[in-house]
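K.L.:
Structure supplied as data_39.cif; contents: mmCIF, C-alpha atoms and all ligand atoms.
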```cif
data_entry
#
loop_
_atom_site.label_atom_id
_atom_site.label_comp_id
_atom_site.auth_asym_id
_atom_site.auth_seq_id
_atom_site.Cartn_x
_atom_site.Cartn_y
_atom_site.Cartn_z
CA MET A 26 9.07 11.02 12.17
CA ALA A 27 11.12 7.82 12.09
CA THR A 28 9.27 4.70 10.94
CA VAL A 29 9.20 1.14 12.31
CA HIS A 30 9.23 -1.99 10.11
CA LYS A 31 8.56 -5.57 11.24
CA LEU A 32 8.97 -8.73 9.24
CA ILE A 33 7.27 -11.84 10.59
CA ILE A 34 8.47 -15.13 9.16
CA GLY A 35 5.48 -17.45 9.43
CA ASN A 36 2.08 -18.36 8.03
CA ALA A 37 -0.32 -15.44 7.47
CA ILE A 38 -3.40 -17.51 8.36
CA ASP A 39 -2.48 -16.58 11.93
CA MET A 40 -1.37 -13.03 12.76
CA ARG A 41 -0.90 -13.62 16.47
CA GLU A 42 1.79 -10.92 16.89
CA ILE A 43 -0.58 -8.21 15.62
CA PRO A 44 -3.11 -6.78 18.13
CA ASP A 45 -6.78 -6.21 17.17
CA GLU A 46 -7.50 -2.93 15.32
CA SER A 47 -3.81 -1.92 15.19
CA ILE A 48 -3.41 -1.69 11.38
CA GLN A 49 -4.60 1.19 9.19
CA LEU A 50 -4.20 -0.42 5.73
CA MET A 51 -3.59 -3.85 4.26
CA VAL A 52 -2.22 -4.18 0.73
CA THR A 53 -1.13 -7.54 -0.59
CA SER A 54 -0.83 -9.94 -3.46
CA PRO A 55 -1.39 -13.54 -2.39
CA PRO A 56 -0.10 -16.48 -4.42
CA TYR A 57 -2.30 -16.99 -7.49
CA PHE A 58 -3.34 -20.57 -6.60
CA ASN A 59 -1.11 -23.02 -8.50
CA ALA A 60 -0.01 -20.50 -11.13
CA PRO A 61 2.26 -22.03 -13.75
CA PHE A 62 5.90 -20.86 -13.31
CA ASP A 63 5.42 -19.29 -9.85
CA TYR A 64 3.36 -21.67 -7.69
CA LYS A 65 3.18 -24.93 -9.60
CA GLN A 66 1.42 -27.52 -7.41
CA LEU A 67 1.82 -25.41 -4.26
CA TYR A 68 -1.69 -26.30 -3.05
CA GLN A 69 -3.27 -29.75 -3.04
CA SER A 70 -6.63 -28.41 -4.17
CA TYR A 71 -8.45 -25.18 -4.99
CA ASP A 72 -10.53 -25.66 -1.82
CA GLN A 73 -7.38 -25.75 0.30
CA TYR A 74 -6.21 -22.53 -1.39
CA LEU A 75 -9.54 -20.80 -0.72
CA GLN A 76 -9.50 -21.94 2.89
CA ILE A 77 -6.13 -20.23 3.44
CA LEU A 78 -7.37 -17.04 1.75
CA GLY A 79 -10.48 -17.13 3.96
CA GLU A 80 -8.39 -17.41 7.14
CA VAL A 81 -6.23 -14.47 6.03
CA ALA A 82 -9.40 -12.43 5.33
CA LYS A 83 -10.66 -13.12 8.89
CA GLU A 84 -7.33 -12.16 10.44
CA ALA A 85 -7.15 -9.04 8.26
CA TYR A 86 -10.59 -8.02 9.53
CA ARG A 87 -9.49 -8.53 13.13
CA VAL A 88 -6.26 -6.50 12.90
CA LEU A 89 -7.62 -3.61 10.81
CA GLN A 90 -8.92 -0.54 12.54
CA ASN A 91 -12.58 0.23 11.98
CA GLY A 92 -13.19 2.20 8.77
CA ARG A 93 -10.00 1.04 7.12
CA ILE A 94 -9.13 -0.58 3.81
CA ALA A 95 -7.86 -3.99 2.69
CA VAL A 96 -6.53 -4.29 -0.87
CA LEU A 97 -5.97 -7.53 -2.72
CA ASN A 98 -4.08 -7.71 -6.01
CA ILE A 99 -5.14 -10.97 -7.56
CA ASP A 100 -6.40 -12.52 -10.77
CA ASP A 101 -8.19 -15.53 -12.15
CA MET A 102 -5.75 -18.26 -13.04
CA LEU A 103 -5.49 -20.78 -15.81
CA VAL A 104 -4.02 -24.03 -14.48
CA ASP A 105 -3.70 -27.03 -16.76
CA GLY A 106 -6.31 -25.66 -19.15
CA GLU A 107 -8.83 -24.95 -16.34
CA LYS A 108 -9.73 -21.37 -15.41
CA PHE A 109 -10.19 -20.72 -11.66
CA PRO A 110 -12.45 -17.76 -10.67
CA ILE A 111 -10.13 -16.46 -7.93
CA VAL A 112 -11.36 -12.85 -8.15
CA ALA A 113 -15.00 -13.83 -7.55
CA ASP A 114 -14.14 -16.33 -4.80
CA ALA A 115 -11.74 -13.96 -3.02
CA THR A 116 -14.37 -11.21 -3.11
CA HIS A 117 -16.87 -13.58 -1.53
CA LEU A 118 -14.40 -14.65 1.19
CA PHE A 119 -13.67 -11.03 2.15
CA LEU A 120 -17.38 -10.26 2.31
CA GLN A 121 -17.89 -13.32 4.49
CA ALA A 122 -15.12 -12.09 6.81
CA GLY A 123 -17.17 -8.89 7.37
CA PHE A 124 -15.70 -6.45 4.84
CA ARG A 125 -17.73 -4.20 2.53
CA TYR A 126 -16.87 -4.40 -1.17
CA ARG A 127 -15.79 -0.93 -2.19
CA ASP A 128 -14.18 -1.06 -5.64
CA ARG A 129 -12.39 -3.08 -8.25
CA ILE A 130 -9.56 -1.51 -10.19
CA ILE A 131 -8.32 -3.19 -13.34
CA TRP A 132 -4.56 -3.12 -13.72
CA LYS A 133 -3.56 -3.16 -17.38
CA LYS A 134 -0.02 -4.18 -18.22
CA PRO A 135 1.65 -2.97 -21.43
CA ASP A 136 0.72 -5.09 -24.47
CA GLY A 137 4.23 -6.36 -25.05
CA TYR A 138 4.90 -7.54 -21.50
CA LEU A 139 3.12 -10.89 -21.52
CA ARG A 140 4.63 -13.35 -19.13
CA ILE A 141 2.45 -16.32 -19.91
CA SER A 142 2.33 -18.18 -23.22
CA ARG A 143 0.36 -16.51 -25.97
CA ARG A 144 -2.87 -18.45 -26.06
CA SER A 145 -4.14 -16.28 -28.90
CA GLY A 146 -1.69 -18.02 -31.24
CA VAL A 147 -4.22 -20.84 -31.53
CA MET A 148 -6.38 -18.59 -33.71
CA LEU A 149 -3.47 -17.96 -36.10
CA GLN A 150 -3.07 -21.69 -36.56
CA ASN A 151 -6.82 -22.28 -36.81
CA PRO A 152 -8.65 -19.14 -37.99
CA TYR A 153 -12.10 -20.62 -37.34
CA PRO A 154 -14.85 -20.20 -34.73
CA MET A 155 -14.30 -21.77 -31.26
CA TYR A 156 -10.49 -21.39 -31.36
CA TYR A 157 -10.56 -18.08 -29.48
CA TYR A 158 -8.33 -17.88 -26.38
CA PRO A 159 -7.40 -14.25 -25.55
CA ASP A 160 -4.05 -13.29 -23.99
CA ASN A 161 -4.51 -11.86 -20.52
CA THR A 162 -2.81 -8.53 -19.80
CA LEU A 163 -5.05 -7.62 -16.85
CA GLU A 164 -5.12 -8.16 -13.10
CA SER A 165 -7.62 -7.06 -10.49
CA ILE A 166 -7.05 -4.80 -7.52
CA LEU A 167 -9.91 -5.46 -5.10
CA ILE A 168 -10.68 -2.82 -2.48
CA PHE A 169 -12.57 -3.74 0.70
CA GLN A 170 -13.50 -1.65 3.71
CA LYS A 171 -14.15 -2.50 7.34
CA GLY A 172 -17.11 -0.38 8.44
CA LYS A 173 -17.09 3.38 7.83
CA PHE A 174 -14.14 5.75 8.13
CA ASN A 175 -14.32 8.68 10.53
CA TYR A 176 -12.69 11.54 8.57
CA ARG A 177 -12.64 13.70 11.70
CA SER A 178 -10.36 11.25 13.52
CA ILE A 179 -7.29 12.56 11.64
CA PRO A 180 -5.52 15.63 13.09
CA ASP A 181 -5.11 18.54 10.64
CA ALA A 182 -1.31 18.37 10.64
CA VAL A 183 -1.39 14.67 9.66
CA ARG A 184 -3.96 15.37 6.96
CA LEU A 185 -1.72 18.08 5.50
CA ALA A 186 1.42 15.93 5.65
CA SER A 187 -0.41 13.16 3.74
CA LYS A 188 -1.78 15.31 0.93
CA ILE A 189 -2.15 13.53 -2.42
CA ASP A 190 -0.06 14.84 -5.33
CA LEU A 191 -2.93 15.98 -7.54
CA GLU A 192 -0.67 16.57 -10.54
CA ARG A 193 0.32 12.92 -10.50
CA PHE A 194 -3.27 11.89 -9.77
CA GLN A 195 -4.41 13.67 -12.95
CA LYS A 196 -1.47 12.89 -15.21
CA GLU A 197 -1.34 9.17 -14.39
CA LYS A 198 -5.15 8.88 -14.29
CA TRP A 199 -5.41 7.49 -10.78
CA TYR A 200 -9.03 8.63 -10.87
CA MET A 201 -10.13 5.85 -13.21
CA THR A 202 -10.90 2.18 -12.51
CA LEU A 203 -8.27 1.32 -15.14
CA TRP A 204 -4.67 1.66 -13.98
CA GLU A 205 -1.97 1.29 -16.60
CA MET A 206 1.22 0.21 -14.85
CA VAL A 207 4.33 -1.57 -16.08
CA ASN A 208 4.85 -4.92 -14.34
CA VAL A 209 8.12 -6.16 -12.87
CA LEU A 210 10.10 -8.13 -15.42
CA PRO A 211 10.50 -11.82 -14.47
CA ASN A 212 14.30 -11.63 -14.73
CA SER A 213 14.78 -8.52 -12.57
CA GLU A 214 17.49 -9.11 -9.98
CA LEU A 215 15.78 -8.71 -6.58
CA GLU A 216 12.40 -10.09 -7.55
CA LYS A 217 13.59 -13.20 -9.40
CA ASP A 218 11.07 -16.08 -8.92
CA ILE A 219 8.90 -13.97 -6.56
CA ALA A 220 6.09 -12.59 -8.79
CA ALA A 221 6.51 -9.15 -7.24
CA PHE A 222 4.18 -6.28 -8.02
CA PRO A 223 5.65 -2.98 -9.24
CA GLU A 224 6.31 -0.29 -6.62
CA GLU A 225 3.73 1.85 -8.35
CA LEU A 226 0.91 -0.38 -7.05
CA PRO A 227 1.54 -0.02 -3.29
CA TYR A 228 2.62 3.59 -3.95
CA ARG A 229 -0.85 4.51 -5.20
CA ILE A 230 -2.70 2.42 -2.61
CA ILE A 231 -0.66 3.63 0.37
CA SER A 232 -0.92 7.26 -0.78
CA LEU A 233 -4.67 6.99 -1.35
CA PHE A 234 -5.68 4.99 1.75
CA SER A 235 -3.34 5.76 4.65
CA TYR A 236 -1.92 8.74 6.48
CA VAL A 237 1.70 9.50 7.35
CA GLY A 238 2.83 7.69 10.52
CA GLU A 239 0.20 4.93 10.19
CA THR A 240 0.91 1.20 9.80
CA VAL A 241 0.58 -0.78 6.57
CA LEU A 242 0.34 -4.59 6.58
CA ASP A 243 1.29 -6.99 3.78
CA PRO A 244 0.62 -10.60 4.86
CA PHE A 245 2.21 -12.06 1.67
CA VAL A 246 5.16 -9.70 1.55
CA GLY A 247 7.40 -11.61 -0.93
CA SER A 248 10.38 -9.41 -1.83
CA GLY A 249 9.18 -6.63 0.49
CA THR A 250 7.85 -4.14 -2.09
CA THR A 251 5.05 -2.92 0.20
CA MET A 252 7.46 -2.41 3.12
CA LYS A 253 9.90 -0.46 0.94
CA VAL A 254 7.20 1.88 -0.37
CA ALA A 255 5.63 2.29 3.08
CA ARG A 256 9.00 3.44 4.37
CA LEU A 257 9.47 5.85 1.47
CA LEU A 258 6.06 7.35 2.19
CA GLY A 259 6.67 7.77 5.93
CA ARG A 260 4.43 4.90 7.03
CA ASN A 261 5.30 2.01 9.36
CA SER A 262 5.00 -1.51 7.99
CA ILE A 263 4.46 -5.12 8.98
CA GLY A 264 5.23 -7.86 6.47
CA ILE A 265 4.48 -11.57 6.83
CA GLU A 266 6.29 -14.10 4.67
CA ILE A 267 6.35 -17.88 4.91
CA LYS A 268 9.71 -18.29 3.18
CA GLU A 269 12.60 -17.59 5.54
CA SER A 270 14.96 -17.64 2.55
CA LEU A 271 13.56 -14.25 1.41
CA ILE A 272 14.96 -12.38 4.46
CA PRO A 273 18.13 -11.13 2.67
CA ILE A 274 16.09 -9.95 -0.33
CA ILE A 275 13.59 -8.08 1.83
CA ARG A 276 16.35 -6.58 3.92
CA LYS A 277 18.12 -5.34 0.81
CA LYS A 278 14.94 -4.00 -0.77
CA ILE A 279 13.70 -1.97 2.17
CA GLY A 280 17.10 -0.62 3.16
CA PHE A 281 16.93 1.26 -0.14
CA GLU A 282 19.94 2.91 -1.63
CA GLY A 283 20.01 6.61 -2.34
CA GLN A 284 19.56 9.74 -0.34
CA LEU A 285 17.90 9.17 3.03
CA THR A 286 16.47 11.96 5.11
CA LEU A 287 17.81 12.29 8.65
CA GLU A 288 14.55 10.85 9.93
CA GLN A 289 14.78 7.81 7.66
CA GLN A 290 18.20 7.05 9.11
CA GLU A 291 16.47 6.52 12.48
CA ASP A 292 14.08 3.92 11.01
CA THR A 293 14.12 0.48 12.63
CA PHE A 294 13.72 -3.00 11.20
CA GLU A 295 12.84 -6.04 13.30
CA ILE A 296 12.61 -9.67 12.21
CA ILE A 297 10.38 -12.06 14.11
CA LEU A 298 11.09 -15.70 13.37
CA ARG A 299 8.18 -17.73 14.73
CA GLU A 300 9.15 -20.48 17.14
CA LYS A 301 12.65 -19.09 17.16
CA VAL A 302 14.42 -16.37 19.13
CA SER A 303 13.50 -13.00 17.63
CA GLN A 304 16.20 -10.62 16.61
CA SER A 305 16.10 -6.86 16.42
CA GLU A 306 18.36 -4.62 14.47
CA GLU A 307 18.66 -1.26 12.79
CA ILE A 308 17.93 -1.02 9.07
CA ARG A 309 21.30 0.52 8.33
C1 LIG A 401 2.67 -12.96 -5.13
S1 LIG A 401 3.96 -13.12 -3.94
C2 LIG A 401 3.99 -11.51 -3.24
C3 LIG A 401 4.96 -10.61 -3.95
C4 LIG A 401 5.05 -9.24 -3.32
N1 LIG A 401 3.86 -8.44 -3.56
C5 LIG A 401 6.26 -8.50 -3.88
O1 LIG A 401 6.11 -7.42 -4.46
O2 LIG A 401 7.37 -9.04 -3.78
C6 LIG A 401 3.24 -14.07 -2.63
C7 LIG A 401 4.19 -14.39 -1.49
O3 LIG A 401 3.41 -15.00 -0.44
C8 LIG A 401 4.21 -15.99 0.21
N2 LIG A 401 3.27 -16.91 0.89
C9 LIG A 401 2.58 -17.93 0.36
N3 LIG A 401 1.76 -18.48 1.27
C10 LIG A 401 1.93 -17.79 2.43
C11 LIG A 401 1.35 -17.85 3.73
N4 LIG A 401 0.41 -18.78 4.01
N5 LIG A 401 1.74 -16.98 4.68
C12 LIG A 401 2.69 -16.03 4.38
N6 LIG A 401 3.28 -15.92 3.16
C13 LIG A 401 2.91 -16.78 2.20
C14 LIG A 401 5.01 -16.60 -0.94
O4 LIG A 401 6.17 -17.24 -0.44
C15 LIG A 401 5.30 -15.37 -1.82
O5 LIG A 401 6.53 -14.80 -1.47
#
```
Go through the file and emit its structure as structure tokens.

P.N.:
Amino acid sequence: MATVHKLIIGNAIDMREIPDESIQLMVTSPPYFNAPFDYKQLYQSYDQYLQILGEVAKEAYRVLQNGRIAVLNIDDMLVDGEKFPIVADATHLFLQAGFRYRDRIIWKKPDGYLRISRRSGVMLQNPYPMYYYPDNTLESILIFQKGKFNYRSIPDAVRLASKIDLERFQKEKWYMTLWEMVNVLPNSELEKDIAAFPEELPYRIISLFSYVGETVLDPFVGSGTTMKVARLLGRNSIGIEIKESLIPIIRKKIGFEGQLTLEQQEDTFEIILREKVSQSEEIR
């Protein structure tokens, strides 16, 4: 079955193009407040940041079908020496929007892949009590659910076509709340300055929480990783991104190189520029 991919250029606090209950899974990584390097001074205050996240949570609740899952990859952030409890606050905002809190997965990056400065160096300079500042190699993957899923609503053929690869599930330990995945290197070509997540993250989430032919939403789509993986896995996708300048990157990423099946060649890609004339085109 050919898949359909839509990119909306606009602000995700309003998902006006997306009808109620039309999405089967949301997976996204919002900006990490005013993270050093990536989002320096993007928001005027932490309250303003939380307000935006709260609006997105409400819209996500509206567009998701009953029983379905919303996944947030996020982490607490150290800004100018102050630690902001984004994981706790985001969890609260999603609960307030109506979601149930289902799980928290910890994503562990390899030890040597630190992107931020090594805070732990302070201890080497001053090997005394009170100088302890650990290096962070973790992020959270928060899993929320809207109501309860009706397992009988999925036809047998769709269930079969969406079967999880149990060998991979066992070998890569998907069954634990600790996921060890290699992060995208900051200097990688397509994701430069975007703070992209590795394909492995949406790959696991989309495989575990959606069926073939369903629609996956990423309201902070960045370089388009979620859309690319959705396409690979035979799901439709909708991405929202505020930065129009990312269109060429997203286009390149989701029109992946390599062998396409005949069905994938029929896939379509549409760009909706808010307040501007929309344009439709084929992916290839
Ligand atoms: C952490 S990045 C997402 C990276 C993405 N997961 C990937 O793999 O490339 C967050 C993205 O959200 C975008 N963004 C920030 N605020 C937004 C908003 N209010 N609405 C839509 N997109 C927004 C940023 O421009 C950035 O590209």

K.L.:
Which residues, written as a list of chain:residue names, have at least one atom at most 9 Å from Arg256 (chain A), with only C-alpha atoms counted and residues fewer than 2 positions away on the same chain left out?

P.N.:
A:Thr28, A:Val29, A:His30, A:Thr251, A:Met252, A:Lys253, A:Val254, A:Leu258, A:Gly259, A:Arg260, A:Asn261, A:Ser262, A:Ile279, A:Gln289, A:Asp292

K.L.:
Hey, which of A:Met51, A:Met102, A:Ile34, A:Val88 ends up closest to ligand LIG 401 (chain A)? Count all atoms listed in the file.

P.N.:
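Distance minimum relative to ligand LIG 401 (chain A) lands on A:Ile34.
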
K.L.:
List the residues sitting within 6 Å of (6.1, -15.0, 6.8) in the file's frame, using only C-alpha atoms, as a PyMOL selection string.

P.N.:
chain A and resi 33-36+265-267

K.L.:
Mind pulling up the distance from CA of Val81 (chain A) to CA of Arg127 (chain A)?

P.N.:
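Answer for the CA of Arg127 (chain A) to CA of Val81 (chain A) separation: 18.5 Å.
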
K.L.:
Can you tell me which residues sit at most 6 Å away from ligand LIG 401 (chain A), counting all atoms listed in the file, written as a count of residues only?

P.N.:
23

K.L.:
Have a look at CA of Ile48 (chain A) and CA of Thr240 (chain A) and let me know their distance in Å, one decimal.

P.N.:
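For CA of Ile48 (chain A) relative to CA of Thr240 (chain A), the distance reads 5.4 Å.
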